[in-house]
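Peer 1: Below is one structure. I have some questions about it.
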Amino acid sequence: MSQKIFENVAILGLGLIGSSLAHGLRDKGLASRVVGYDASEDVRARAEKLAFCDEIAATPEDSVKDADLVVLSMPVGATGEAAKSIAGALKPGVIVTDVGGVKSAVITKVEAALPEEIAFVPGHPIAGTEHSGPEAGFGSLFEGRWAILTPSDRTTDAALQKISDLWHALGSDVETMTPEHHDLVLATTSHLPHLIAFNIVGTAADMEEVTRSEVIKFSAGGFRDFTRIAASDPVMWRDIFLNNKEAVLEMLGRFSEDLAAVQRMIRWEDGDALQDLFTRTRAIRRGIIEAGQETEAPDFGRRAAQSEKGGAKSES
Ligand code: NAP
């Protein structure tokens with residue numbers, strides 16, 4: 001068991017990430033008390049039953065009134081409104097953090113809502129699965145993963161240190177960068193791949209000459225892996241694209257140019273160019289495995305991971 005870092009923690013948004021945080025805090029003894037709140041009454045009732053929090057509050061204000069740490073863990077499009085709803089109920093000295101997959105837009109919205117004297121530490125754990133909801137959470141989700149912190153004008157050194165300590169205690173490595181850089185990096189490594197997956201699965205579903213049952217029956221490895229990513233939460237991903245528009249459009253432009261180049265390679269039967277490209281991409285995968293961010297096990301170790309709980313990693 002690690003050392004306690006906070007007394008009272010409030011987690012708003014009890015889906016995959018919020019519930020995993022609650023489990024992790026409890027499993028590792030990092031807080032004396034965790035109060036949860038979710039906008040959905042049904043989720044609050046399910047969270048109450050699952051009992052990963054000490055208390056489920058009926059309102060956002062109630063959930064934060066004693067908190068020395070508040071974690072905003074809802075889809076990024078709802079974060080500004082959530083911050084507004086708790087602004088008047090926060091205790092002096094509280095630290096507010098978030099876990100959203102987009103940083104610049106969230107910082108603007110949250111800081112407009114919170115009183116100036118409240119310390120805010122924008123954060124994003126690079127850990128997740130394609131599952132959502134309070135049942136999907138598990139305490140080891142963040143182990144061996146990265147947590148990115150993107151300090152803003154409202155981030156004090158002391159608050160940054162405490163949130164960094166928290167992620168370390170949950171088993172993550174921590175990296176600090178600007179919000180703009182985070183949004184560009186994630187547009188490349190997460191948002192664009194998700195967009196491609198949503199699109200390719202949509203294309204297959206719309207093909208009239210191939211029946212839906214054939215798509216499912218003959219879904220060889222490549223397509224099946226896209227369907228896993230394309231099964232991610234629709235609301236969360238809608239909000240990510242709407243809130244990281246500039247960086248995603250920039251990456252999409254580059255992607256379209258590169259796709260046109262591959263199209264040309266195939267049209268002109270330029271096998272050497274194709275082979276060169278695939279050799280470079282294979283090396284990138286090897287690098288990811290060597291860095292411990294993926295497993296070399298057959299089927300990406302997915303069956304083993306699923307039996308542990310939670311399925312394959314699909315972090316935003
Ligand atoms: P999730 O499983 O869909 O859970 C989000 C929960 O937040 C839902 O129960 C939702 O209720 C609730 N909610 C919405 N607005 C709220 C509000 N104003 N106050 C309190 N609760 C509210 O989503 P998640 O995967 O945990 O994602 C949460 C955040 O983590 C997102 O910002 C996402 O970008 C970030 N993140 C996700 C991953 C991932 O892989 N999933 C990884 C890293 C970071 P309703 O269903 O009623 O709307």
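To be explicit about the labels: the chains of the structure tokens are called A, B, and onward in the order shown, and within each one the residues are counted from 1, while ligands get numbers from 1 in the order they are shown.
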For stretch 236-250 of chain A, work out the shell of residues within 10 Å, counting only C-alpha atoms and skipping chain neighbours fewer than 2 positions away, then give it as a ChimeraX atom specification.

Peer 2: /A:74-78,100-106,132,180-188,190-192,194-195,198,230,232-234,252-255,316

Peer 1: Give me, as a VMD selection string, all polymer residues having an atom no more than 10 Å from A:Gln293, counting only C-alpha atoms and skipping those fewer than 6 positions away in the same chain.

Peer 2: chain A and resid 144 to 146 285 287 313

Peer 1: Based on the selection just made, write N, CA, C and O atoms of those residues as a compact mmCIF listing (two decimals), in the first residue's frame.

Peer 2:
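Written out: again-v9.txt:
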# COMPACT_ATOMS: atom_id res chain seq x y z
N GLY A 144 1.86 1.28 -15.58
CA GLY A 144 2.74 1.12 -16.73
C GLY A 144 2.37 2.01 -17.91
O GLY A 144 2.86 1.82 -19.01
N ARG A 145 1.44 2.95 -17.70
CA ARG A 145 1.03 3.85 -18.77
C ARG A 145 1.59 5.25 -18.50
O ARG A 145 2.17 5.49 -17.45
N TRP A 146 1.36 6.18 -19.41
CA TRP A 146 1.80 7.56 -19.22
C TRP A 146 0.63 8.42 -18.76
O TRP A 146 -0.51 8.19 -19.18
N ARG A 285 6.20 -0.23 -34.90
CA ARG A 285 5.50 -1.17 -34.01
C ARG A 285 6.51 -1.85 -33.08
O ARG A 285 6.27 -2.01 -31.89
N GLY A 287 9.24 -0.64 -32.01
CA GLY A 287 9.63 0.36 -31.00
C GLY A 287 8.59 0.45 -29.89
O GLY A 287 8.94 0.58 -28.71
N LYS A 313 -6.04 -2.37 -24.43
CA LYS A 313 -5.85 -0.94 -24.18
C LYS A 313 -6.22 -0.15 -25.42
O LYS A 313 -5.85 -0.49 -26.51

Peer 1: Can you tell me which residues sit at most 6 Å away from ligand 1, counting only C-alpha atoms and all ligand atoms, written as a PyMOL selection string?

Peer 2: chain A and resi 12-18+37-40+43+73-76+78+82+99-101+124-129+132-133+236+314-316

Peer 1: For A:Glu296, work out the shell of residues within 12 Å, counting only C-alpha atoms and skipping chain neighbours fewer than 6 positions away, then give it as JSON, numbers by chain.

Peer 2: {"A": [285, 286, 287, 288, 289, 290, 302]}

Peer 1: Report the distance between atom CA of A:Ala204 and atom CA of A:Ile284 in Å, rounded to one decimal place.

Peer 2: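 One can read the atom CA of A:Ala204 to atom CA of A:Ile284 distance as 27.1 Å.
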
Peer 1: Given the choices A:Pro60, A:Gly29, A:Gly24, A:Pro193, which gets closest to A:Ile5 if the distance is worked out from only C-alpha atoms?

Peer 2: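 Among the listed residues, the smallest separation from A:Ile5 belongs to A:Gly29.
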
Peer 1: From a DSSP calculation on the backbone, collect every residue of stretch 4-109 of chain A in helix (DSSP H, G or I) and output the set as a PyMOL selection string.

Peer 2: chain A and resi 16-27+41-50+60-64+76-89+104-109

Peer 1: In Å, how far is it from atom CA of A:Thr156 to atom CA of A:Thr97?

Peer 2: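 Straight-line distance from atom CA of A:Thr156 to atom CA of A:Thr97 works out to 11.9 Å.
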
Peer 1: What is the atom CA of A:Gly222-atom CA of A:Asp258 distance in Å, reported with one decimal?

Peer 2: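 Computing the Euclidean distance for atom CA of A:Gly222 and atom CA of A:Asp258 yields 19.6 Å.
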
Peer 1: Which of these residues is nearest to A:Ala51, using only C-alpha atoms: A:Glu116, A:Glu130, A:Glu135, A:Asp98?

Peer 2: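 Of the candidates, the smallest distance to A:Ala51 is held by A:Glu135.
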
Peer 1: Report as a ChimeraX atom specification: the residues of stretch 69-268 of chain A with a DSSP assignment of strand (DSSP E), based on the backbone of this structure.

Peer 2: /A:69-72,95-98,119-121,123-126,146-149,173-176

Peer 1: Write to file, as a CSV table (one decimal), in the first residue's frame, the residues of the selection just made, with N, CA and C atoms.

Peer 2:
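The new file again_38.csv reads:
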chain,number,residue,atom,x,y,z
A,69,LEU,N,-9.2,17.4,-3.3
A,69,LEU,CA,-9.0,17.1,-4.7
A,69,LEU,C,-10.3,16.9,-5.5
A,70,VAL,N,-10.5,17.5,-6.6
A,70,VAL,CA,-11.6,17.3,-7.4
A,70,VAL,C,-11.1,16.9,-8.8
A,71,VAL,N,-11.7,15.7,-9.3
A,71,VAL,CA,-11.3,15.2,-10.6
A,71,VAL,C,-12.5,15.3,-11.5
A,72,LEU,N,-12.3,16.0,-12.6
A,72,LEU,CA,-13.4,16.1,-13.6
A,72,LEU,C,-13.1,15.0,-14.6
A,95,ILE,N,-7.5,21.4,-5.0
A,95,ILE,CA,-6.9,21.3,-6.3
A,95,ILE,C,-7.9,20.7,-7.3
A,96,VAL,N,-8.1,21.3,-8.4
A,96,VAL,CA,-9.0,20.7,-9.4
A,96,VAL,C,-8.1,20.1,-10.6
A,97,THR,N,-8.4,18.9,-11.0
A,97,THR,CA,-7.7,18.4,-12.1
A,97,THR,C,-8.7,17.7,-13.1
A,98,ASP,N,-8.3,17.4,-14.3
A,98,ASP,CA,-9.2,16.7,-15.2
A,98,ASP,C,-8.4,15.6,-15.9
A,119,ALA,N,-6.5,26.3,-7.8
A,119,ALA,CA,-5.4,25.7,-8.6
A,119,ALA,C,-6.0,24.6,-9.5
A,120,PHE,N,-5.7,24.7,-10.8
A,120,PHE,CA,-6.2,23.7,-11.8
A,120,PHE,C,-5.0,23.1,-12.4
A,121,VAL,N,-5.0,21.7,-12.4
A,121,VAL,CA,-3.9,21.0,-13.1
A,121,VAL,C,-4.5,20.1,-14.2
A,123,GLY,N,-4.9,17.4,-16.9
A,123,GLY,CA,-4.1,16.2,-17.1
A,123,GLY,C,-4.8,15.2,-18.1
A,124,HIS,N,-4.1,14.2,-18.5
A,124,HIS,CA,-4.7,13.2,-19.4
A,124,HIS,C,-3.9,11.9,-19.2
A,125,PRO,N,-4.5,10.9,-18.6
A,125,PRO,CA,-3.9,9.6,-18.6
A,125,PRO,C,-4.0,8.9,-19.9
A,126,ILE,N,-2.9,8.4,-20.4
A,126,ILE,CA,-2.9,7.8,-21.7
A,126,ILE,C,-3.2,6.3,-21.4
A,146,TRP,N,1.4,6.2,-19.4
A,146,TRP,CA,1.8,7.6,-19.2
A,146,TRP,C,0.6,8.4,-18.8
A,147,ALA,N,0.9,9.4,-17.9
A,147,ALA,CA,0.0,10.5,-17.6
A,147,ALA,C,0.6,11.8,-18.1
A,148,ILE,N,-0.1,12.5,-18.9
A,148,ILE,CA,0.5,13.8,-19.4
A,148,ILE,C,-0.2,14.9,-18.6
A,149,LEU,N,0.6,15.8,-18.1
A,149,LEU,CA,0.1,17.0,-17.4
A,149,LEU,C,0.5,18.2,-18.2
A,173,ASP,N,3.9,6.7,-15.4
A,173,ASP,CA,5.0,7.6,-15.6
A,173,ASP,C,4.3,9.0,-16.0
A,174,VAL,N,5.0,10.1,-15.6
A,174,VAL,CA,4.4,11.4,-15.8
A,174,VAL,C,5.3,12.2,-16.8
A,175,GLU,N,4.6,12.8,-17.7
A,175,GLU,CA,5.4,13.8,-18.6
A,175,GLU,C,4.6,15.1,-18.6
A,176,THR,N,5.3,16.2,-18.6
A,176,THR,CA,4.7,17.5,-18.6
A,176,THR,C,5.0,18.2,-20.0
